[in-house]
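*Asks:* Structure in structure tokens, see below.
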Amino acid sequence: MANKEQVFDKVKEIIVDQLGVDEEEVVPEASFIDDLGADSLDIVELIMALEEEFGLEIPDDEAEKIATVNDAVEYIRENA
Amino acid sequence: MTTRAIVAGLGTYVPEKILTNQDLEQMVDTSDEWIVTRTGIKERHIAAPDETTSVMATRASIRALADAGITADDLDFIVCATNTPDTIFPSTAARVQHQLTTKPIPGVDIQAGCTGLIYGMEMASALIQSGAYHNILVIGADKLTSITDYEDRTTAVLFGDAAGAFVLQGKEGTQRGLLASYLQADGRGGDLLIEPAGGSMLPASEETVAARQHYLKMNGNETFRFAVKAMPEAVEEGLKKAGLAVSEMDLLVPHQANLRIIDAAVRRFELDPSRVVVNIDRYGNTSVATIPLALQEAREQGRVHDDDVVVLCAFGAGLTWGSNVIRWGR
């Protein structure tokens with residue numbers, strides 16, 4: 001899989017698109033709910049967009065653990 | 001010459017009583033802001049105790065017959081999509097027949113979750129194209145509040161009651177009418193959206209009542225995930241069967257379950273909002289009645305023109321999903 005920076009940039013692009021936040025807000029430690037204003041349905045849509053982009057199936061119990069931008073990047077790097 | 005089922009008439013019925021988000025704030029731990037941002041719903045209509053599913057269905061049907069310019073005695077079949085029949089048996093279709101006319105005609109209920117109306121339209125169209133029937137009443141009626149648990153804040157806010165009815169009529173040599181349908185059912189997701197008790201699996205008992213198993217249960221996030229995929233698929237596949245491109249769709253009438261699901265579909269197709277009908281804010285999710293309600297409202301607003309390509313699409317318990325592609329006009 002691509003290096004961390006490439007994955008981060010793609011994930012950032014998807015988050016900006018899905019959550020309608022500014023690029024600068026999407027830092028690795030940002031929490032989707034607390035910092036980026038997402039609710040549970042936003043997260044479902046975000047996970048679906050990530051699955052589509054990276055050709056993944058993220059099971060529910062794994063998806064629940066993805067709370068920050070970095071969690072998403074790490075999960076993708078390990079599984080894509 | 002090809003016979004097609006045209007939409008000869010459409011009628012709806014909505015009960016008088018309104019339940020607002022503010023009313024719900026007094027009943028369960030929720031807030032207007034939470035409900036609006038998660039669902040887009042501001043209020044919904046609630047049927048009176050004597051307004052059963054068949055009563056609402058009959059009232060919508062009388063209006064549909066008037067719109068079509070025919071009487072109940074001209075009907076030769078009744079298809080009623082519902083998930084909340086007056087009784088498990090006999091059927092709601094038979095009750096509607098009895099309330100509409102003294103003339104015995106075939107009548108049957110369809111139970112396909114919120115997709116039931118889409119199923120009913122396709123089945124009625126096929127019956128008409130077979131040449132055996134000419135005027136079919138296709139009803140979508142549900143009294144979801146009769147199975148809504150007002151102690152469950154995740155579902156209590158979603159549902160309302162209503163009915164809608166189409167008169168489908170056979171017509172030869174027309175380009176109008178129902179062009180194609182796409183229907184699916186996949187029982188793997190059956191537990192996502194379910195009324196657990198009251199059937200042969202879990203007959204009614206003191207225990208099932210105590211455990212609140214006669215109410216609708218929903219896994220909201222998983223259902224949302226399914227719906228966000230199923231709605232665009234239904235639209236694309238239905239149009240493909242009709243030999244049309246998404247760009248040729250004039251009006252999309254999606255099942256009104258959650259504004260966020262509709263928004264996701266709109267974003268996917270990059271549709272101008274003027275091409276999508278949304279009225280969930282005032283009615284909530286009325287199951288099989290959402291599409292007739294939304295389409296009727298669009299007609300009244302002058303948004304439906306002869307020869308427009310109108311796509312109806314829905315998803316629901318089963319899981320089921322599907323679409324009807326109609327070229328509008330009689």
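Here, A, B, ... name the chains of the structure tokens in the order displayed, residue numbers run from 1 inside each chain, and ligands are numbered from 1 in the same displayed order.
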Thr115 in chain B: which residues within 9 Å, counting only C-alpha atoms, same-chain residues fewer than 2 positions away excluded, as a count of residues only?
*Replies:* 21
*Asks:* Just want the 12 Å neighbourhood of Phe269 in chain B, counted on only C-alpha atoms, with same-chain residues fewer than 6 positions away dropped. Output as a ChimeraX atom specification.
*Replies:* /B:231-233,235-236,245-249,252,262-263,275-276
*Asks:* Take the selection from the previous step and output its residues with N, CA and C atoms, as a compact mmCIF listing (two decimals), in the first residue's frame.
*Replies:*
```
# COMPACT_ATOMS: atom_id res chain seq x y z
N MET B 231 -30.50 2.87 -2.57
CA MET B 231 -31.30 3.87 -3.31
C MET B 231 -30.68 4.18 -4.67
N PRO B 232 -29.39 4.57 -4.72
CA PRO B 232 -28.81 4.84 -6.04
C PRO B 232 -28.82 3.61 -6.95
N GLU B 233 -28.57 2.44 -6.37
CA GLU B 233 -28.60 1.22 -7.19
C GLU B 233 -29.97 1.04 -7.83
N VAL B 235 -32.23 3.26 -8.50
CA VAL B 235 -32.48 4.28 -9.53
C VAL B 235 -31.73 3.93 -10.81
N GLU B 236 -30.45 3.62 -10.66
CA GLU B 236 -29.62 3.32 -11.84
C GLU B 236 -30.12 2.10 -12.59
N ALA B 245 -30.90 7.09 -19.39
CA ALA B 245 -29.76 7.52 -18.58
C ALA B 245 -30.27 8.33 -17.39
N VAL B 246 -29.43 8.42 -16.34
CA VAL B 246 -29.80 9.21 -15.16
C VAL B 246 -30.11 10.65 -15.57
N SER B 247 -29.39 11.14 -16.59
CA SER B 247 -29.61 12.53 -17.04
C SER B 247 -30.99 12.72 -17.66
N GLU B 248 -31.63 11.62 -18.06
CA GLU B 248 -32.97 11.72 -18.68
C GLU B 248 -34.09 11.67 -17.65
N MET B 249 -33.74 11.48 -16.37
CA MET B 249 -34.74 11.45 -15.31
C MET B 249 -35.16 12.89 -14.99
N LEU B 252 -37.13 12.68 -9.42
CA LEU B 252 -36.91 11.54 -8.54
C LEU B 252 -37.82 11.68 -7.33
N ILE B 262 -31.65 10.65 1.47
CA ILE B 262 -32.02 11.31 0.21
C ILE B 262 -30.86 12.21 -0.24
N ASP B 263 -30.29 12.96 0.70
CA ASP B 263 -29.17 13.84 0.37
C ASP B 263 -27.99 13.06 -0.21
N ARG B 275 -35.12 18.59 -9.02
CA ARG B 275 -35.49 17.30 -9.62
C ARG B 275 -35.74 16.21 -8.58
N VAL B 276 -35.75 16.57 -7.32
CA VAL B 276 -35.96 15.59 -6.24
C VAL B 276 -37.08 16.09 -5.33
```
*Asks:* Run DSSP on the backbone and tell me which residues of chain A come out as alpha helix (DSSP H); list them as a VMD selection string.
*Replies:* chain A and resid 4 to 19 40 to 54 60 to 63 69 to 79
*Asks:* Could you work out which residues of chain B fall inside 9 Å of chain A? Count only C-alpha atoms, and format the result as a compact mmCIF listing (two decimals) with C-alpha atoms, in the first residue's frame.
*Replies:*
```
# COMPACT_ATOMS: atom_id res chain seq x y z
CA ARG B 38 -30.36 13.34 12.04
CA GLY B 220 -30.37 2.59 12.53
CA ASN B 221 -26.75 2.83 11.46
CA GLU B 222 -26.75 -0.43 9.52
CA PHE B 224 -28.69 3.78 6.91
CA ARG B 225 -25.61 2.14 5.43
CA VAL B 228 -27.32 4.83 1.07
CA ARG B 260 -29.72 12.28 5.05
CA ALA B 264 -26.61 11.08 -0.12
```
*Asks:* Report as number ranges by chain all protein, DNA and RNA residues lying within 10 Å of Pro90 in chain B, evaluated on only C-alpha atoms, omitting residues in the same chain fewer than 4 positions from it.
*Replies:* B: 85-86, 94-95, 108-109
*Asks:* Residues at most 6 Å from range 166-175 of chain B, counting only C-alpha atoms, excluding those fewer than 6 positions away in the same chain, as an mmCIF file with C-alpha atoms, in the first residue's frame?
*Replies:*
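Saved as out.cif:
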```cif
data_model
loop_
_atom_site.group_PDB
_atom_site.id
_atom_site.type_symbol
_atom_site.label_atom_id
_atom_site.label_comp_id
_atom_site.auth_asym_id
_atom_site.auth_seq_id
_atom_site.Cartn_x
_atom_site.Cartn_y
_atom_site.Cartn_z
ATOM 1 C CA MET B 1 -49.691 -3.264 -30.068
ATOM 2 C CA THR B 2 -48.070 -2.996 -26.661
ATOM 3 C CA THR B 3 -50.264 -2.364 -23.686
ATOM 4 C CA ARG B 4 -48.810 -0.269 -20.896
ATOM 5 C CA ALA B 5 -50.079 0.535 -17.404
ATOM 6 C CA ILE B 6 -50.551 4.277 -17.235
ATOM 7 C CA VAL B 7 -51.116 6.230 -14.038
ATOM 8 C CA ALA B 8 -54.754 7.211 -14.492
ATOM 9 C CA GLY B 9 -55.219 8.575 -10.984
ATOM 10 C CA LEU B 10 -53.518 9.310 -7.696
ATOM 11 C CA ILE B 128 -52.470 -5.287 -16.886
ATOM 12 C CA HIS B 134 -57.682 -3.255 -16.969
ATOM 13 C CA ASN B 135 -58.112 -0.971 -13.918
ATOM 14 C CA ILE B 136 -56.055 -1.823 -10.850
ATOM 15 C CA LEU B 137 -55.969 0.059 -7.585
ATOM 16 C CA VAL B 138 -52.462 0.023 -6.092
#
```
*Asks:* Which is closer to Lys10 in chain A than all the others in A:Ala30, A:Ile66, A:Leu50, A:Ile58, using only C-alpha atoms?
*Replies:* A:Leu50
*Asks:* Find the residues around Asn285 in chain B up to 12 Å (only C-alpha atoms counted), leave out those fewer than 5 positions away in its own chain, and share them as an MDAnalysis selection string.
*Replies:* chainID B and resid 39:46 114 141:145 148 155:163 254:259 278:280 290:291 293:294 314:316
